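The structure appears right after this line, and notes come after that.
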Amino acid sequence: MKITGFIFDLSKGGAQGVFVTVMNSFRKNGHEVDVVTLNLENAVYLDNIDKGIKVVSLNTSGAEKSLPALINYVKNHDIETAWVFGPELCVDIYWAKWLSRKDFPIIGRCINTLSVEFKYTDSLRRKYITNALLKMFFHKITYVIAQSNNMKDDLIENYHFKESQVKTINNALSKKYEEEFNNSSELERDNYFLYVGRLEKQKGLHMLLTAFSQVKDKTTQLVLLGDGSQRGSLEQLAAELGISHRVEFVNYTNQTIQYYKKAIAVVLSSYFEGFPNVLIESLSCGTPVVSFDLPSGPNEIIVQGVNGYLVEYCNVQKLAEKMELTMHNKWDYAKIKESARRYAGPTILKKYADLLKQCEMDARSQNI
């Protein structure tokens, strides 16, 4: 089957990285692949796309503004199967398919645990209108990929999907992290905890800073690696907590491996995630992780005391205690790496290939 992949953009982000990895894998396996993106602004992943894949930009932005352009694209192109990364974009493609009187399977991928995401959003429009539209139309696509079992449950319980429609496929490690499995050299650990990701409300970084301020060893540092709108307020909070001299803000970089490998541990304090790549990336480098027990993701990754610690959701005091405990545990770094091996690319990408085969079987059965 010819594959057409749809995504909002190719900017930095976990979803974009997974999208490019999956589309490249389809192309490598001999499929014809087109990629359609709403725009190419800050398209840091563009150069990572296989040269045999045609990339089309619709030169638009936002789910609502993009619908006419998507309808026009669907009307004027032969689409055998659509792989759509993002719930709102899935709904747009469903409408475009219906209005164009076309018939093709839509395989969507959910990025976050939706009911929790809408609970914490500051946008009233997203909280009520977008959420309502997803409840009405999202389940009308053919299949949806959930990144974790808890996310699968959320789609079934709150967004009207049938169990047979939802396929759980965890995120895959990129090749550079897979290579760390066979890297036996041990780097000397530096005395810092590490956060990797956007500096946004979703990430609960005020809780991380508060927990870090309670760590007894005052020589320990905290490195926040990433960019975002909350940097100023987080710097102010660090000052109020008296830890500015121990907190370092580092701009986003693709060279994260060296940060992972030298850290005491990676810490995640988010309100919600889909399937946090930073945790499995850290584990592939042999670095333990400490994370809140979020609504989805970490409890399927963390083996308590073996590769890290799972902490009661949003309990700042417990987070501080587990960070403290992490510093004194005698970690088996080889065992930590081994716990991430099940997220290696070939293992995960086979599940995408199997889902594509299922679509092909569905199509043949409908034509009989």
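Lettering and numbering for the structure tokens are positional, with chains as A, B, ... in the shown order, residues counted from 1 in each chain, and ligands counted from 1 in the shown order.
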
request  = Just the residues within 12 Å of Gln16 in chain A, please, counting only C-alpha atoms, with nothing from its chain fewer than 6 positions along; format it as number ranges by chain.
outcome  = A: 5-10, 22-23, 35, 37, 42-46, 48-49, 84-86, 109, 111, 171, 277

Which residues are close to Ile156 in chain A, i.e. within 9 Å by only C-alpha atoms, leaving aside same-chain residues fewer than 6 positions away? Reply as an mmCIF file with C-alpha atoms, in the first residue's frame.
```cif
data_model
loop_
_atom_site.group_PDB
_atom_site.id
_atom_site.type_symbol
_atom_site.label_atom_id
_atom_site.label_comp_id
_atom_site.auth_asym_id
_atom_site.auth_seq_id
_atom_site.Cartn_x
_atom_site.Cartn_y
_atom_site.Cartn_z
ATOM 1 C CA LYS A 162 -13.535 -0.071 20.575
ATOM 2 C CA GLU A 163 -10.765 -2.175 22.063
ATOM 3 C CA VAL A 166 -6.573 0.578 19.677
#
```

request  = With a distance cut-off of 9 Å and only C-alpha atoms, select the neighbouring residues of Asn149 in chain A, excluding the residue or stretch itself and same-chain residues fewer than 5 positions from it, and output the selection as number ranges by chain.
outcome  = A: 154, 168-169, 296-297, 300

Next, the residues of the selection above should be written as an mmCIF file, in the first residue's frame with N, CA, C and O atoms.
```cif
data_model
loop_
_atom_site.group_PDB
_atom_site.id
_atom_site.type_symbol
_atom_site.label_atom_id
_atom_site.label_comp_id
_atom_site.auth_asym_id
_atom_site.auth_seq_id
_atom_site.Cartn_x
_atom_site.Cartn_y
_atom_site.Cartn_z
ATOM 1 N N ASP A 154 -7.612 4.984 28.387
ATOM 2 C CA ASP A 154 -8.233 6.310 28.345
ATOM 3 C C ASP A 154 -9.016 6.508 27.049
ATOM 4 O O ASP A 154 -10.127 7.057 27.056
ATOM 5 N N THR A 168 -1.489 -0.762 21.059
ATOM 6 C CA THR A 168 -0.463 -0.166 21.913
ATOM 7 C C THR A 168 0.914 -0.416 21.307
ATOM 8 O O THR A 168 1.333 -1.564 21.141
ATOM 9 N N ILE A 169 1.587 0.678 20.952
ATOM 10 C CA ILE A 169 2.956 0.606 20.437
ATOM 11 C C ILE A 169 3.776 1.671 21.163
ATOM 12 O O ILE A 169 3.522 2.863 20.997
ATOM 13 N N SER A 296 0.044 7.879 32.501
ATOM 14 C CA SER A 296 0.483 6.861 31.545
ATOM 15 C C SER A 296 1.979 6.987 31.309
ATOM 16 O O SER A 296 2.544 8.077 31.371
ATOM 17 N N GLY A 297 2.611 5.845 31.079
ATOM 18 C CA GLY A 297 4.005 5.837 30.663
ATOM 19 C C GLY A 297 4.996 5.288 31.674
ATOM 20 O O GLY A 297 5.442 4.131 31.556
ATOM 21 N N GLU A 300 5.127 1.728 33.214
ATOM 22 C CA GLU A 300 5.424 0.621 32.315
ATOM 23 C C GLU A 300 6.916 0.548 31.996
ATOM 24 O O GLU A 300 7.366 -0.414 31.372
#
```

Hey, could you make a per-residue contact list for range 36-132 of chain A against range 355-361 of chain A with 9 Å as the cut-off, showing the nearest pair of atoms and its distance in Å to one decimal, counting only C-alpha atoms, sorted by chain and number, as JSON lines?
```
{"residue": "A:Thr81", "atom": "CA", "partner": "A:Cys359", "partner_atom": "CA", "distance": 8.1}
{"residue": "A:Pro105", "atom": "CA", "partner": "A:Cys359", "partner_atom": "CA", "distance": 7.3}
{"residue": "A:Ile107", "atom": "CA", "partner": "A:Cys359", "partner_atom": "CA", "distance": 9.0}
```

Take the selection from the previous step and output its residues with N, CA, C and O atoms, as a CSV table (one decimal), in the first residue's frame.
```csv
chain,number,residue,atom,x,y,z
A,81,THR,N,-3.5,4.6,2.2
A,81,THR,CA,-3.6,4.5,3.7
A,81,THR,C,-3.0,5.8,4.3
A,81,THR,O,-1.9,6.2,3.8
A,105,PRO,N,-8.2,3.8,4.7
A,105,PRO,CA,-8.1,3.6,6.2
A,105,PRO,C,-7.2,4.8,6.8
A,105,PRO,O,-6.3,5.3,6.1
A,107,ILE,N,-5.0,5.6,10.1
A,107,ILE,CA,-4.3,5.1,11.3
A,107,ILE,C,-3.8,6.3,12.0
A,107,ILE,O,-2.9,7.0,11.5
```

Residues near His31 in chain A, cut-off 7 Å, only C-alpha atoms, skip fewer than 3 positions along chain, as a tab-separated table (two decimals) with C-alpha atoms, in the first residue's frame:
```
chain	number	residue	atom	x	y	z
A	1	MET	CA	0.00	0.00	0.00
A	2	LYS	CA	1.12	3.54	-0.69
A	26	PHE	CA	8.22	2.14	5.68
A	27	ARG	CA	10.33	3.56	2.85
```

request  = Could you give me, as number ranges by chain, each residue of range 228-344 of chain A that DSSP assigns to strand (DSSP E or B) when run on this structure's backbone?
outcome  = A: 247-250, 265-268, 289-292, 304, 308-311

Convert the current residue selection to file output with C-alpha atoms, as a CSV table (one decimal), in the first residue's frame.
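Result file result05.csv:
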```csv
chain,number,residue,atom,x,y,z
A,247,VAL,CA,20.5,25.2,39.0
A,248,GLU,CA,21.8,25.5,35.4
A,249,PHE,CA,19.6,26.3,32.4
A,250,VAL,CA,21.0,24.9,29.2
A,265,ALA,CA,19.7,10.4,37.4
A,266,VAL,CA,17.1,11.9,35.1
A,267,VAL,CA,14.0,13.3,36.8
A,268,LEU,CA,10.5,13.7,35.4
A,289,VAL,CA,15.4,7.7,36.3
A,290,VAL,CA,13.1,9.2,39.0
A,291,SER,CA,9.5,10.0,37.9
A,292,PHE,CA,6.1,10.7,39.2
A,304,GLN,CA,11.5,0.0,41.2
A,308,GLY,CA,15.0,4.0,38.9
A,309,TYR,CA,12.2,5.0,41.2
A,310,LEU,CA,8.5,5.6,40.7
A,311,VAL,CA,7.1,8.4,42.9
```

ask   = What's the 7 Å shell around range 315-328 of chain A, counting only C-alpha atoms, without same-chain residues fewer than 2 positions away, as a count of residues only?
value = 12

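You can rank A:Gln236, A:Thr4, A:Ser284, A:Ser115 by their closest distance to Ser184 in chain A using only C-alpha atoms, and at the top of that list sits A:Ser284.
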
note = Computed gap from CA of Leu279 in chain A to CA of Glu186 in chain A is 19.3 Å

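Using only C-alpha atoms, the nearest neighbour of Ala146 in chain A within the list A:Leu124, A:Ile71, A:Cys110, A:Leu173 is A:Cys110.
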
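Residues with any atom within 12 Å of Ala132 in chain A, counting only C-alpha atoms and excluding same-chain neighbours fewer than 5 positions away, are A:Glu88, A:Val91, A:Leu114, A:Ser115, A:Phe118, A:Leu124, A:Arg125, A:Arg126, A:Lys127, A:Phe137, A:Phe138, A:Asn158, A:Tyr159, A:His160.
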
Using N, CA and C atoms, can you write the selected residues to a file as a short mmCIF file (atom, residue, chain, number, x, y, z; two decimals), in the first residue's frame?
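Below you can see again_0.cif, which holds the result:
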```
data_model
loop_
_atom_site.label_atom_id
_atom_site.label_comp_id
_atom_site.auth_asym_id
_atom_site.auth_seq_id
_atom_site.Cartn_x
_atom_site.Cartn_y
_atom_site.Cartn_z
N GLU A 88 -6.20 15.89 16.70
CA GLU A 88 -6.97 16.90 15.97
C GLU A 88 -6.76 16.77 14.46
N VAL A 91 -8.97 14.04 13.08
CA VAL A 91 -10.35 14.48 12.84
C VAL A 91 -10.43 15.27 11.53
N LEU A 114 -5.33 11.90 26.68
CA LEU A 114 -6.14 13.07 26.33
C LEU A 114 -6.95 13.62 27.49
N SER A 115 -7.61 12.76 28.26
CA SER A 115 -8.46 13.29 29.33
C SER A 115 -7.65 14.09 30.34
N PHE A 118 -6.47 17.58 28.65
CA PHE A 118 -7.52 18.60 28.64
C PHE A 118 -7.86 19.09 30.04
N LEU A 124 -9.64 27.50 27.29
CA LEU A 124 -11.04 27.08 27.44
C LEU A 124 -11.56 26.47 26.14
N ARG A 125 -11.07 26.98 25.03
CA ARG A 125 -11.50 26.44 23.73
C ARG A 125 -11.09 24.98 23.60
N ARG A 126 -9.83 24.69 23.96
CA ARG A 126 -9.37 23.30 23.88
C ARG A 126 -10.07 22.42 24.92
N LYS A 127 -10.24 22.95 26.12
CA LYS A 127 -10.83 22.17 27.20
C LYS A 127 -12.25 21.72 26.87
N PHE A 137 -15.73 12.60 17.06
CA PHE A 137 -15.23 12.17 15.75
C PHE A 137 -13.95 11.34 15.77
N PHE A 138 -13.12 11.43 16.81
CA PHE A 138 -11.82 10.79 16.79
C PHE A 138 -11.95 9.27 16.58
N ASN A 158 -12.96 7.04 27.55
CA ASN A 158 -13.38 8.44 27.44
C ASN A 158 -13.58 8.96 26.02
N TYR A 159 -13.11 8.20 25.00
CA TYR A 159 -13.21 8.70 23.63
C TYR A 159 -13.86 7.69 22.69
N HIS A 160 -14.58 6.72 23.25
CA HIS A 160 -15.51 5.85 22.52
C HIS A 160 -14.83 4.91 21.52
#
```

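In terms of minimum interatomic distance to Lys119 in chain A, A:Asn131 ranks closest within A:Phe181, A:Asn59, A:Asn131, A:Leu38, counting only C-alpha atoms.
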
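With only C-alpha atoms as the atoms that count, the residue of A:Asn299, A:Ser57, A:Asn191, A:Ser244 with the shortest distance to Tyr259 in chain A is A:Asn191.
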
I need the alpha helix (DSSP H) residues of range 224-262 of chain A per DSSP on the backbone, written as a CSV table (one decimal) with N, CA and C atoms, in the first residue's frame.
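Contents of result_9.csv, as written:
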```
chain,number,residue,atom,x,y,z
A,231,ARG,N,10.8,29.6,31.3
A,231,ARG,CA,12.2,29.8,31.8
A,231,ARG,C,12.3,30.9,32.8
A,232,GLY,N,11.7,32.1,32.5
A,232,GLY,CA,11.9,33.3,33.4
A,232,GLY,C,11.3,33.0,34.7
A,233,SER,N,10.1,32.4,34.8
A,233,SER,CA,9.4,32.2,36.0
A,233,SER,C,10.1,31.1,36.8
A,234,LEU,N,10.8,30.1,36.2
A,234,LEU,CA,11.5,29.1,36.8
A,234,LEU,C,12.8,29.7,37.4
A,235,GLU,N,13.4,30.6,36.7
A,235,GLU,CA,14.6,31.2,37.2
A,235,GLU,C,14.3,32.0,38.5
A,236,GLN,N,13.1,32.7,38.4
A,236,GLN,CA,12.7,33.5,39.6
A,236,GLN,C,12.4,32.5,40.8
A,237,LEU,N,11.8,31.4,40.5
A,237,LEU,CA,11.5,30.4,41.6
A,237,LEU,C,12.8,29.9,42.2
A,238,ALA,N,13.7,29.6,41.4
A,238,ALA,CA,15.0,29.1,41.9
A,238,ALA,C,15.7,30.1,42.8
A,239,ALA,N,15.5,31.4,42.4
A,239,ALA,CA,16.1,32.5,43.3
A,239,ALA,C,15.4,32.5,44.6
A,240,GLU,N,14.0,32.4,44.6
A,240,GLU,CA,13.2,32.5,45.8
A,240,GLU,C,13.5,31.3,46.7
A,257,ILE,N,23.3,13.0,24.7
A,257,ILE,CA,23.8,11.7,25.3
A,257,ILE,C,24.9,12.0,26.4
A,258,GLN,N,25.7,12.9,26.1
A,258,GLN,CA,26.8,13.2,27.1
A,258,GLN,C,26.2,13.7,28.4
A,259,TYR,N,25.1,14.4,28.3
A,259,TYR,CA,24.4,14.9,29.6
A,259,TYR,C,23.8,13.7,30.3
A,260,TYR,N,23.1,12.8,29.5
A,260,TYR,CA,22.5,11.6,30.2
A,260,TYR,C,23.6,10.8,30.9
A,261,LYS,N,24.7,10.5,30.2
A,261,LYS,CA,25.7,9.6,30.7
A,261,LYS,C,26.4,10.0,31.9
A,262,LYS,N,26.5,11.3,32.2
A,262,LYS,CA,27.2,11.8,33.3
A,262,LYS,C,26.3,12.2,34.5
```

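Pairwise distance (CA of Leu294 in chain A, CA of Arg342 in chain A) equals 20.7 Å.
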
key: Distance query Gly226 in chain A at most 12 Å, only C-alpha atoms, self and fewer than 5 positions along chain excluded, as number ranges by chain   = A: 12-13, 194-200, 203, 205, 231, 248-256, 278

Residues from the last selection, N, CA and C atoms, saved as a compact mmCIF listing (two decimals), in the first residue's frame:
```txt
# COMPACT_ATOMS: atom_id res chain seq x y z
N LYS A 12 11.26 20.37 16.40
CA LYS A 12 11.80 19.48 17.44
C LYS A 12 10.66 19.01 18.34
N GLY A 13 10.70 17.73 18.67
CA GLY A 13 9.66 17.15 19.51
C GLY A 13 9.66 15.65 19.38
N LEU A 194 19.36 15.62 36.20
CA LEU A 194 19.11 16.15 34.86
C LEU A 194 17.63 16.11 34.51
N TYR A 195 17.15 17.22 33.94
CA TYR A 195 15.83 17.25 33.31
C TYR A 195 16.06 17.57 31.84
N VAL A 196 15.38 16.84 30.95
CA VAL A 196 15.46 17.09 29.51
C VAL A 196 14.06 17.27 28.97
N GLY A 197 13.78 18.42 28.34
CA GLY A 197 12.46 18.64 27.77
C GLY A 197 12.10 20.11 27.71
N ARG A 198 10.86 20.37 27.31
CA ARG A 198 10.39 21.74 27.20
C ARG A 198 10.18 22.35 28.58
N LEU A 199 10.38 23.64 28.68
CA LEU A 199 10.13 24.36 29.93
C LEU A 199 8.72 24.93 29.87
N GLU A 200 7.74 24.07 30.09
CA GLU A 200 6.34 24.45 29.97
C GLU A 200 5.56 23.93 31.17
N LYS A 203 5.13 20.22 32.33
CA LYS A 203 6.26 19.47 32.88
C LYS A 203 6.39 19.59 34.39
N LEU A 205 7.67 21.74 36.45
CA LEU A 205 9.05 22.00 36.87
C LEU A 205 9.14 22.79 38.17
N ARG A 231 10.81 29.65 31.31
CA ARG A 231 12.18 29.78 31.81
C ARG A 231 12.30 30.94 32.82
N GLU A 248 21.31 25.04 36.70
CA GLU A 248 21.84 25.52 35.42
C GLU A 248 20.80 25.31 34.32
N PHE A 249 20.48 26.36 33.59
CA PHE A 249 19.58 26.27 32.44
C PHE A 249 20.42 26.18 31.18
N VAL A 250 20.21 25.13 30.41
CA VAL A 250 20.98 24.90 29.18
C VAL A 250 20.02 24.87 28.01
N ASN A 251 20.29 25.63 26.95
CA ASN A 251 19.44 25.67 25.78
C ASN A 251 19.39 24.29 25.10
N TYR A 252 18.30 24.04 24.39
CA TYR A 252 18.11 22.78 23.70
C TYR A 252 19.30 22.44 22.81
N THR A 253 19.70 21.18 22.82
CA THR A 253 20.77 20.70 21.95
C THR A 253 20.48 19.27 21.55
N ASN A 254 20.95 18.87 20.37
CA ASN A 254 20.82 17.48 19.94
C ASN A 254 21.85 16.59 20.62
N GLN A 255 22.83 17.19 21.26
CA GLN A 255 23.91 16.43 21.89
C GLN A 255 23.56 16.09 23.34
N THR A 256 22.48 15.33 23.51
CA THR A 256 22.00 15.05 24.87
C THR A 256 22.68 13.85 25.51
N VAL A 278 12.36 10.63 27.18
CA VAL A 278 13.56 10.94 27.97
C VAL A 278 13.89 9.81 28.95
```
